[in-house]
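Enquirer: final_38.txt is reproduced in full below (compact mmCIF, C-alpha atoms).
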# COMPACT_ATOMS: atom_id res chain seq x y z
CA MET A 1 -89.71 -4.91 238.89
CA ARG A 2 -89.85 -8.54 237.83
CA ILE A 3 -92.74 -7.78 235.45
CA LEU A 4 -90.84 -4.88 233.95
CA ARG A 5 -87.79 -7.09 233.33
CA ALA A 6 -89.95 -9.78 231.73
CA LEU A 7 -91.60 -7.16 229.52
CA ILE A 8 -88.21 -5.81 228.41
CA VAL A 9 -87.03 -9.34 227.56
CA LEU A 10 -90.19 -10.01 225.55
CA VAL A 11 -89.84 -6.75 223.62
CA TRP A 12 -86.16 -7.49 222.98
CA LEU A 13 -86.96 -11.00 221.69
CA GLY A 14 -89.76 -9.61 219.53
CA LEU A 15 -87.41 -7.09 217.93
CA GLY A 16 -84.94 -9.89 217.30
CA GLU A 17 -87.62 -11.88 215.50
CA LEU A 18 -88.48 -8.90 213.31
CA GLY A 19 -84.81 -8.47 212.46
CA ALA A 20 -84.63 -12.11 211.37
CA VAL A 21 -86.98 -11.34 208.49
CA GLY A 22 -84.13 -9.43 206.83
CA PRO A 23 -83.86 -8.28 203.26
CA ALA A 24 -86.00 -9.76 200.52
CA HIS A 25 -84.45 -10.11 197.09
CA ALA A 26 -81.55 -8.04 198.23
CA GLY A 27 -78.15 -8.76 196.86
CA GLY A 28 -76.65 -8.80 193.47
CA PRO A 29 -75.07 -7.95 191.28
CA TRP A 30 -77.24 -9.91 188.87
CA LYS A 31 -75.67 -10.67 185.53
CA GLY A 32 -76.09 -12.71 182.41
CA GLN A 33 -75.69 -12.89 178.68
CA ILE A 34 -78.61 -12.69 176.26
CA VAL A 35 -78.35 -14.61 173.00
CA ASP A 36 -80.47 -15.47 169.96
CA ALA A 37 -82.14 -18.80 170.81
CA GLU A 38 -81.56 -20.22 167.33
CA THR A 39 -78.05 -19.04 166.47
CA GLY A 40 -76.55 -18.52 169.94
CA ALA A 41 -75.23 -15.13 168.81
CA PRO A 42 -75.05 -12.41 171.51
CA LEU A 43 -77.79 -9.77 171.24
CA ASP A 44 -76.87 -6.09 171.46
CA GLY A 45 -79.33 -3.45 172.66
CA VAL A 46 -81.62 -5.70 174.71
CA ILE A 47 -83.44 -3.78 177.44
CA VAL A 48 -83.29 -5.49 180.84
CA LEU A 49 -85.50 -4.05 183.56
CA THR A 50 -85.59 -5.22 187.15
CA TYR A 51 -88.07 -3.75 189.55
CA TRP A 52 -89.19 -4.46 193.07
CA VAL A 53 -92.71 -4.37 194.46
CA LYS A 54 -93.84 -4.41 198.11
CA PHE A 55 -96.82 -6.55 199.12
CA THR A 56 -98.71 -6.70 202.41
CA ALA A 57 -100.24 -9.84 203.90
CA SER A 58 -104.02 -9.89 204.07
CA VAL A 59 -106.73 -12.43 204.78
CA GLY A 60 -107.05 -13.13 201.05
CA GLY A 61 -103.30 -13.42 200.41
CA TRP A 62 -100.66 -10.88 199.43
CA ALA A 63 -102.18 -7.50 198.56
CA GLY A 64 -100.99 -4.10 197.53
CA GLY A 65 -98.28 -3.89 194.97
CA ASP A 66 -96.40 -0.70 195.82
CA PHE A 67 -93.39 0.26 193.71
CA VAL A 68 -90.08 0.14 195.60
CA ASP A 69 -87.24 0.53 193.09
CA ALA A 70 -86.18 -0.17 189.50
CA GLU A 71 -83.03 -0.52 187.43
CA GLU A 72 -82.94 -0.40 183.63
CA VAL A 73 -79.84 -1.57 181.73
CA VAL A 74 -79.04 -2.41 178.11
CA THR A 75 -76.85 -5.22 176.79
CA GLY A 76 -73.61 -4.42 175.02
CA SER A 77 -72.27 -5.96 171.81
CA ASP A 78 -71.34 -9.11 173.77
CA GLY A 79 -74.98 -9.50 174.93
CA ARG A 80 -73.97 -9.11 178.57
CA PHE A 81 -75.70 -7.09 181.27
CA VAL A 82 -75.04 -6.34 184.93
CA ILE A 83 -77.67 -5.07 187.33
CA PRO A 84 -75.94 -3.43 190.30
CA PRO A 85 -76.61 -4.60 193.86
CA HIS A 86 -79.77 -3.28 195.47
CA SER A 87 -80.99 -3.43 199.03
CA THR A 88 -84.74 -3.69 199.26
CA PHE A 89 -85.21 -4.18 202.96
CA THR A 90 -88.25 -4.76 205.13
CA LEU A 91 -88.37 -5.43 208.86
CA LEU A 92 -92.09 -6.08 208.93
CA PRO A 93 -93.01 -9.80 208.79
CA TRP A 94 -96.38 -9.05 207.18
CA ARG A 95 -94.69 -7.44 204.18
CA LYS A 96 -92.59 -8.88 201.42
CA ILE A 97 -90.69 -7.37 198.53
CA GLU A 98 -90.54 -9.28 195.28
CA GLY A 99 -88.39 -8.61 192.27
CA GLN A 100 -89.57 -8.78 188.67
CA LEU A 101 -87.53 -9.14 185.49
CA VAL A 102 -88.55 -7.73 182.10
CA ILE A 103 -86.48 -8.34 178.96
CA LEU A 104 -87.42 -6.73 175.64
CA LYS A 105 -85.88 -6.53 172.20
CA SER A 106 -87.75 -5.75 169.03
CA GLU A 107 -88.35 -8.82 166.85
CA TYR A 108 -87.80 -11.22 169.77
CA GLY A 109 -90.17 -13.08 172.08
CA GLN A 110 -90.31 -14.34 175.67
CA TRP A 111 -86.97 -15.02 177.33
CA ALA A 112 -85.92 -18.31 178.93
CA PHE A 113 -82.80 -19.61 180.64
CA ARG A 114 -80.72 -21.86 178.39
CA GLY A 115 -81.44 -25.42 179.45
CA GLY A 116 -84.59 -24.44 181.34
CA ASN A 117 -84.63 -24.38 185.12
CA PRO A 118 -84.33 -28.02 186.29
CA LEU A 119 -83.37 -27.08 189.88
CA LEU A 120 -86.25 -24.58 190.14
CA ASP A 121 -83.85 -21.90 191.37
CA SER A 122 -85.21 -18.38 191.61
CA ILE A 123 -84.36 -15.98 188.80
CA TRP A 124 -82.25 -13.99 191.26
CA THR A 125 -80.24 -17.00 192.43
CA ARG A 126 -79.47 -17.94 188.84
CA LEU A 127 -78.44 -14.41 187.88
CA GLU A 128 -76.05 -14.17 190.82
CA ARG A 129 -74.01 -17.05 189.32
CA GLU A 130 -71.43 -16.66 186.59
CA GLY A 131 -72.19 -17.69 183.04
CA GLU A 132 -75.99 -17.66 182.99
CA ILE A 133 -77.30 -17.49 179.44
CA ILE A 134 -80.75 -16.19 178.58
CA GLU A 135 -82.19 -17.04 175.18
CA LEU A 136 -84.64 -14.96 173.15
CA PRO A 137 -86.53 -16.62 170.27
CA ARG A 138 -86.74 -14.59 167.07
CA LEU A 139 -90.26 -13.63 165.97
CA ARG A 140 -90.20 -13.93 162.19
CA THR A 141 -93.53 -12.41 161.15
CA ARG A 142 -95.53 -9.33 161.99
CA GLU A 143 -98.30 -11.62 163.26
CA GLU A 144 -95.91 -13.34 165.70
CA ARG A 145 -94.75 -9.96 166.98
CA HIS A 146 -98.34 -8.75 167.34
CA GLU A 147 -99.34 -11.89 169.25
CA PHE A 148 -96.34 -11.62 171.57
CA TYR A 149 -96.81 -7.93 172.25
CA THR A 150 -100.60 -7.97 172.72
CA LEU A 151 -101.02 -11.34 174.50
CA LYS A 152 -97.75 -12.36 176.16
CA PHE A 153 -95.68 -9.28 176.98
CA SER A 154 -96.64 -7.58 180.23
CA ILE A 155 -95.95 -3.86 180.49
CA PRO A 156 -94.77 -3.04 184.03
CA THR A 157 -97.42 -0.50 185.01
CA LEU A 158 -96.25 -0.09 188.63
CA VAL A 159 -92.91 1.40 187.57
CA PRO A 160 -92.97 5.19 187.12
CA PHE A 161 -92.44 5.85 183.43
CA GLN A 162 -89.62 8.31 184.18
CA ARG A 163 -87.60 5.36 185.52
CA VAL A 164 -87.75 3.38 182.25
CA PRO A 165 -86.97 5.71 179.31
CA ARG A 166 -85.43 3.00 177.09
CA LEU A 167 -88.26 0.57 177.71
CA ARG A 168 -90.84 3.30 176.94
CA GLN A 169 -89.06 4.08 173.66
CA ALA A 170 -88.91 0.40 172.68
CA ILE A 171 -92.60 -0.12 173.52
CA ASP A 172 -93.59 2.93 171.47
CA ASP A 173 -91.43 1.82 168.51
CA GLU A 174 -92.99 -1.65 168.57
CA ARG A 175 -96.51 -0.25 168.89
CA VAL A 176 -95.93 2.06 165.89
CA TYR A 177 -94.57 -0.87 163.84
CA LEU A 178 -97.66 -2.92 164.74
CA GLY A 179 -100.04 -0.04 163.90
CA LEU A 180 -101.20 0.39 167.49
CA GLY A 181 -100.00 3.97 167.98
CA LYS A 182 -97.73 5.32 170.70
CA MET A 183 -98.46 4.63 174.33
CA TYR A 184 -96.19 7.28 175.83
CA GLU A 185 -95.82 10.94 174.95
CA ARG A 186 -92.31 11.95 174.08
CA THR A 187 -90.68 14.02 176.79
CA PRO A 188 -87.76 16.34 176.01
Before anything else, please render the file you have as structure tokens.

Expert:
Amino acid sequence: MRILRALIVLVWLGLGELGAVGPAHAGGPWKGQIVDAETGAPLDGVIVLTYWVKFTASVGGWAGGDFVDAEEVVTGSDGRFVIPPHSTFTLLPWRKIEGQLVILKSEYGQWAFRGGNPLLDSIWTRLEREGEIIELPRLRTREERHEFYTLKFSIPTLVPFQRVPRLRQAIDDERVYLGLGKMYERTP
């Protein structure tokens, strides 16, 4: 009987430890304003994609990369966006869920927080605060746009294309402009 009680206590404590892992990158809402880096003017029609990926611990590090969820929003005339709260939850200590942020607007390059990130806060922590401003630098030539799109912009391949219709359209439009041809077939 004593062994059974000890076993129950150990199982109970083990479950408590698993529960302590809690949600990863859960929370929100995440919000900000996107502006032209040079003029400070709000940018309308910027596509903001957040997506979450699940990784599993392995001997060589974190492996896998399974899609969990995604949210695609577009900025309004004031350049503001809000990504609703999401709960991406894992109880397993050998798994983690990480969020990714993609921002795309034709004729603009890689985004950055105004003032940089001196406190090294996570993207998610910064976007949970009020008043965060994200700047996009204008790409003035076709060559700058081509370099950004082909060398610096990463297309989120783990996200099912049905979940990102605006991003697909923007990618196709930019590819056509650059003479690269469409990547996605149009779906009715």

Enquirer: Calculated over only C-alpha atoms, which of the candidates A:Glu72, A:Asp78, A:Glu98, A:Asp36 has the smallest distance to Ser122 (chain A)?

Expert: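 Going through A:Glu72, A:Asp78, A:Glu98, A:Asp36 one by one, the smallest distance to Ser122 (chain A) is for A:Glu98.
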
Enquirer: Restricting the calculation to all atoms listed in the file, which member of A:Phe113, A:Tyr177, A:Phe161, A:Phe67 is positioned closest to Leu127 (chain A)?

Expert: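 So, comparing all the options, the nearest one is A:Phe113.
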
Enquirer: CA of Ile133 (chain A) and CA of Val68 (chain A), how far apart in Å?

Expert: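 CA of Ile133 (chain A) lies at a distance of 27.1 Å from CA of Val68 (chain A).
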
Enquirer: What does the distance from CA of Tyr184 (chain A) to CA of Thr150 (chain A) come to in Å, to one decimal?

Expert: 16.2 Å

Enquirer: Which value, in Å to one decimal, gives the distance between CA of Gly79 (chain A) and CA of Tyr108 (chain A)?

Expert: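 So the two atoms, CA of Gly79 (chain A) and CA of Tyr108 (chain A), lie 13.9 Å apart.
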
Enquirer: How close does region 66-177 of chain A get to region 41-62 of chain A? List, as JSON lines, each residue of region 66-177 of chain A within 6 Å, its nearest atom pair and the distance in Å to one decimal, counting all atoms listed in the file.

Expert:
{"residue": "A:Asp66", "atom": "CA", "partner": "A:Lys54", "partner_atom": "CA", "distance": 5.1}
{"residue": "A:Phe67", "atom": "CA", "partner": "A:Val53", "partner_atom": "CA", "distance": 4.7}
{"residue": "A:Val68", "atom": "CA", "partner": "A:Trp52", "partner_atom": "CA", "distance": 5.3}
{"residue": "A:Asp69", "atom": "CA", "partner": "A:Trp52", "partner_atom": "CA", "distance": 5.4}
{"residue": "A:Ala70", "atom": "CA", "partner": "A:Tyr51", "partner_atom": "CA", "distance": 4.0}
{"residue": "A:Glu71", "atom": "CA", "partner": "A:Thr50", "partner_atom": "CA", "distance": 5.4}
{"residue": "A:Glu72", "atom": "CA", "partner": "A:Leu49", "partner_atom": "CA", "distance": 4.5}
{"residue": "A:Val73", "atom": "CA", "partner": "A:Val48", "partner_atom": "CA", "distance": 5.3}
{"residue": "A:Val74", "atom": "CA", "partner": "A:Ile47", "partner_atom": "CA", "distance": 4.7}
{"residue": "A:Thr75", "atom": "CA", "partner": "A:Gly45", "partner_atom": "CA", "distance": 5.1}
{"residue": "A:Gly76", "atom": "CA", "partner": "A:Asp44", "partner_atom": "CA", "distance": 5.1}
{"residue": "A:Ser77", "atom": "CA", "partner": "A:Asp44", "partner_atom": "CA", "distance": 4.6}
{"residue": "A:Asp78", "atom": "CA", "partner": "A:Pro42", "partner_atom": "CA", "distance": 5.5}
{"residue": "A:Gly79", "atom": "CA", "partner": "A:Pro42", "partner_atom": "CA", "distance": 4.5}
{"residue": "A:Trp94", "atom": "CA", "partner": "A:Ala57", "partner_atom": "CA", "distance": 5.1}
{"residue": "A:Arg95", "atom": "CA", "partner": "A:Thr56", "partner_atom": "CA", "distance": 4.5}
{"residue": "A:Lys96", "atom": "CA", "partner": "A:Phe55", "partner_atom": "CA", "distance": 5.3}
{"residue": "A:Ile97", "atom": "CA", "partner": "A:Lys54", "partner_atom": "CA", "distance": 4.3}
{"residue": "A:Glu98", "atom": "CA", "partner": "A:Val53", "partner_atom": "CA", "distance": 5.4}
{"residue": "A:Gly99", "atom": "CA", "partner": "A:Trp52", "partner_atom": "CA", "distance": 4.3}
{"residue": "A:Gln100", "atom": "CA", "partner": "A:Tyr51", "partner_atom": "CA", "distance": 5.3}
{"residue": "A:Leu101", "atom": "CA", "partner": "A:Thr50", "partner_atom": "CA", "distance": 4.7}
{"residue": "A:Val102", "atom": "CA", "partner": "A:Leu49", "partner_atom": "CA", "distance": 5.0}
{"residue": "A:Ile103", "atom": "CA", "partner": "A:Val48", "partner_atom": "CA", "distance": 4.7}
{"residue": "A:Leu104", "atom": "CA", "partner": "A:Ile47", "partner_atom": "CA", "distance": 5.3}
{"residue": "A:Lys105", "atom": "CA", "partner": "A:Val46", "partner_atom": "CA", "distance": 5.0}

Enquirer: Using all atoms listed in the file for the distances, tell me which of A:Glu144, A:Asp173, A:Glu135, A:Glu130 is nearest to Ile34 (chain A).

Expert: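 Nearest candidate to Ile34 (chain A) out of A:Glu144, A:Asp173, A:Glu135, A:Glu130: A:Glu135.
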
Enquirer: Kindly indicate which residue among A:Arg140, A:His86, A:Arg129, A:Lys182 lies nearest to Gly27 (chain A), using all atoms listed in the file for the distances.

Expert: A:His86

Enquirer: From the list A:Ile171, A:Arg142, A:Leu92, A:Glu132, which residue is nearest Pro156 (chain A) when using all atoms listed in the file?

Expert: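 Closest to Pro156 (chain A) of all the choices is A:Ile171.
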
Enquirer: Draw an axis-aligned box over all listed atoms of region 161-174 of chain A, pad each side with 3 Å, and write its centre and edge lengths in Å, one decimal, as AutoDock Vina command-line options.

Expert:
--center_x -89.5 --center_y 3.3 --center_z 177.0 --size_x 14.2 --size_y 16.0 --size_z 23.0

Enquirer: Which of these, A:Gln162, A:Ser106, A:Ser87, A:Asn117, has the shortest distance to Ile134 (chain A) once you count only C-alpha atoms?

Expert: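 For Ile134 (chain A), the nearest of the given residues is A:Asn117.
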